[in-house]
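Peer 1: I have a structure I would like to understand better, so I am pasting it below and will then ask my questions one at a time.
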Amino acid sequence: MAIKTYEEMNELGLDILKEIGTIGGGNAATALSSMLNSQVTMAVPSVKILDYNAALGSLGDPEELVAAIFVEMSGELGGIMLFVLTKEVSDEILFRMLGKKDSDLLALEEIDSSVLIEIGNIVISSYITAMSSLTGVNVELSVPQLAINMLGGIMSVPIAMMGQHSDKIMMITGDFKIDGKALDSTMLLLPDVESLNVLMKKLGVE
Amino acid sequence: MEKKISVGIADMKITRQEGILITYALGSCIGVSFYDPMIKLGALLHIMLPEKGKASDSNVFKFADSGVKETLRKLTAFGATKRRLVVKIAGGAKMFEMKGGGGLGNIGERNAQNVKRILMAEGLRVTSEDTGANYARTMLLDVATGQVYIRSAGKPERML
């Protein structure tokens, strides 16, 4: 049974997405652990289907300056993956990787940006690799990009992408903890509606 | 401070005499402010996509074409006259380089172009704008004065 809107997704489908989020996020946390040489865990992910403004509100203050690593998915699945870091987390990463303290997000040096992109890249690819092997779908990822911008502006990209066909967006979110500290970083998987049909079909869910 | 009225994504609010209409963090979206100085009537529209096309969408404020039209209809109902309207726009940034140049990559630019085209077709002139580039903007319209302000990260608030 193919769905046309996110809201039509049934309980079983949502559970499966949550499981994908758990496995993808777990793999991403492991990758982040070895990069940062610290204990990274991820909270149980959630699958949310929200209208735009509620989706944005659930992520935080729209004007907050964040660093986001952005990857487009294509192939059997379409959509966007975002790894969103608050200044606190990007500081933590830059400190652990480069020994730098209190970097100005708006005046990052090239090496700082490269580190953030690389961290994002590894986290996102580990997530997608785990998801692909679990579900058997092929996903191609675009070259990761970094944007330092207001959270709301960054989220306008996936919202506009899904917006033509939907008044809501689906977010599979996972929050990381680094060495037990709940540092505000969020992994967002934003699939388009058609991808959900592909996923469910591959997994034999009717 | 005067009352603040927040305008969400794909949303529009109208107010009269006093108050601040504010829409946060416009990325590729466009904020359009309309102001009739004679009767101190202001509207702030936050659109997301250039055109409604075939979409059977109920939310008119999501698209530039249907959003502008509906805003003008409401403003007129509140007593605004088109030739008095001062219109300003902000947003339309390119947040990320995306592949497929004709598609979503330059959605901000397409939004900006389309908004301007639609406003022109309605006989309205954009008196000032702050569009493009790669950063998000918060847009405020002070209905008491008609002044429009733009905020973006790392820059002081400025008048548009």
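Chain labels A, B, ... are given in the sequence in which chains occur in the structure tokens; within each chain residues are numbered consecutively from 1, and ligands are likewise numbered from 1 in the order shown.
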For Leu65 (chain A), please output as a ChimeraX atom specification all residues within 7 Å (counting only C-alpha atoms; exclusion window: fewer than 6 positions along the same chain).

Peer 2: /A:148-151 /B:153

Peer 1: Select residues of chain A: the criterion is any atom within 9 Å of an atom of chain B, counting only C-alpha atoms; output as an MDAnalysis selection string.

Peer 2: chainID A and resid 52:53 62:65 70 72 106 142 145:157 159:161 163:167

Peer 1: Taking into account only C-alpha atoms, which residue in the set B:Arg84, B:Arg73, B:Thr127, B:Gly67 is nearest to Val115 (chain B)?

Peer 2: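 Of B:Arg84, B:Arg73, B:Thr127, B:Gly67, the one nearest Val115 (chain B) is B:Gly67, counting only C-alpha atoms.
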
Peer 1: Might you pull out every residue within 6 Å of Leu50 (chain A), with only C-alpha atoms counted and same-chain residues fewer than 2 positions away left off, and present them as a PyMOL selection string?

Peer 2: chain A and resi 54-55+168-169

Peer 1: Quick one: residues within 8 Å of Asn114 (chain B), only C-alpha atoms counted, chain neighbours fewer than 2 positions away excluded, as a ChimeraX atom specification?

Peer 2: /B:50-51,64-65,110-112,116-118

Peer 1: Find the residues around Ile5 (chain B) up to 8 Å (only C-alpha atoms counted), leave out those fewer than 4 positions away in its own chain, and share them as a PyMOL selection string.

Peer 2: chain B and resi 13+19-22

Peer 1: I'd like to know which residues of region 25-202 of chain A are helix (DSSP H, G or I) (by DSSP, run on the backbone); could you write them as a PyMOL selection string?

Peer 2: chain A and resi 25-36+52-59+87-98+105-107+110-135+151-163+193-202

Peer 1: Tell me which protein, DNA and RNA residues are within 7 Å of Asp184 (chain A), counting only C-alpha atoms, leaving out same-chain ones fewer than 4 positions away, and put them as a PyMOL selection string.

Peer 2: chain A and resi 85-86+89+175

Peer 1: Quick one: DSSP strand (DSSP E or B) residues in region 8-205 of chain A, as a PyMOL selection string?

Peer 2: chain A and resi 40-42+46-51+65-75+79-85+139-141+145-150+168-178+181+185-191

Peer 1: Within 9 Å of Ile93 (chain A), counting only C-alpha atoms, which residues show up once you throw out same-chain ones fewer than 4 positions away? Write them as a PyMOL selection string, please.

Peer 2: chain A and resi 36+88-89+97-100+115-116+119
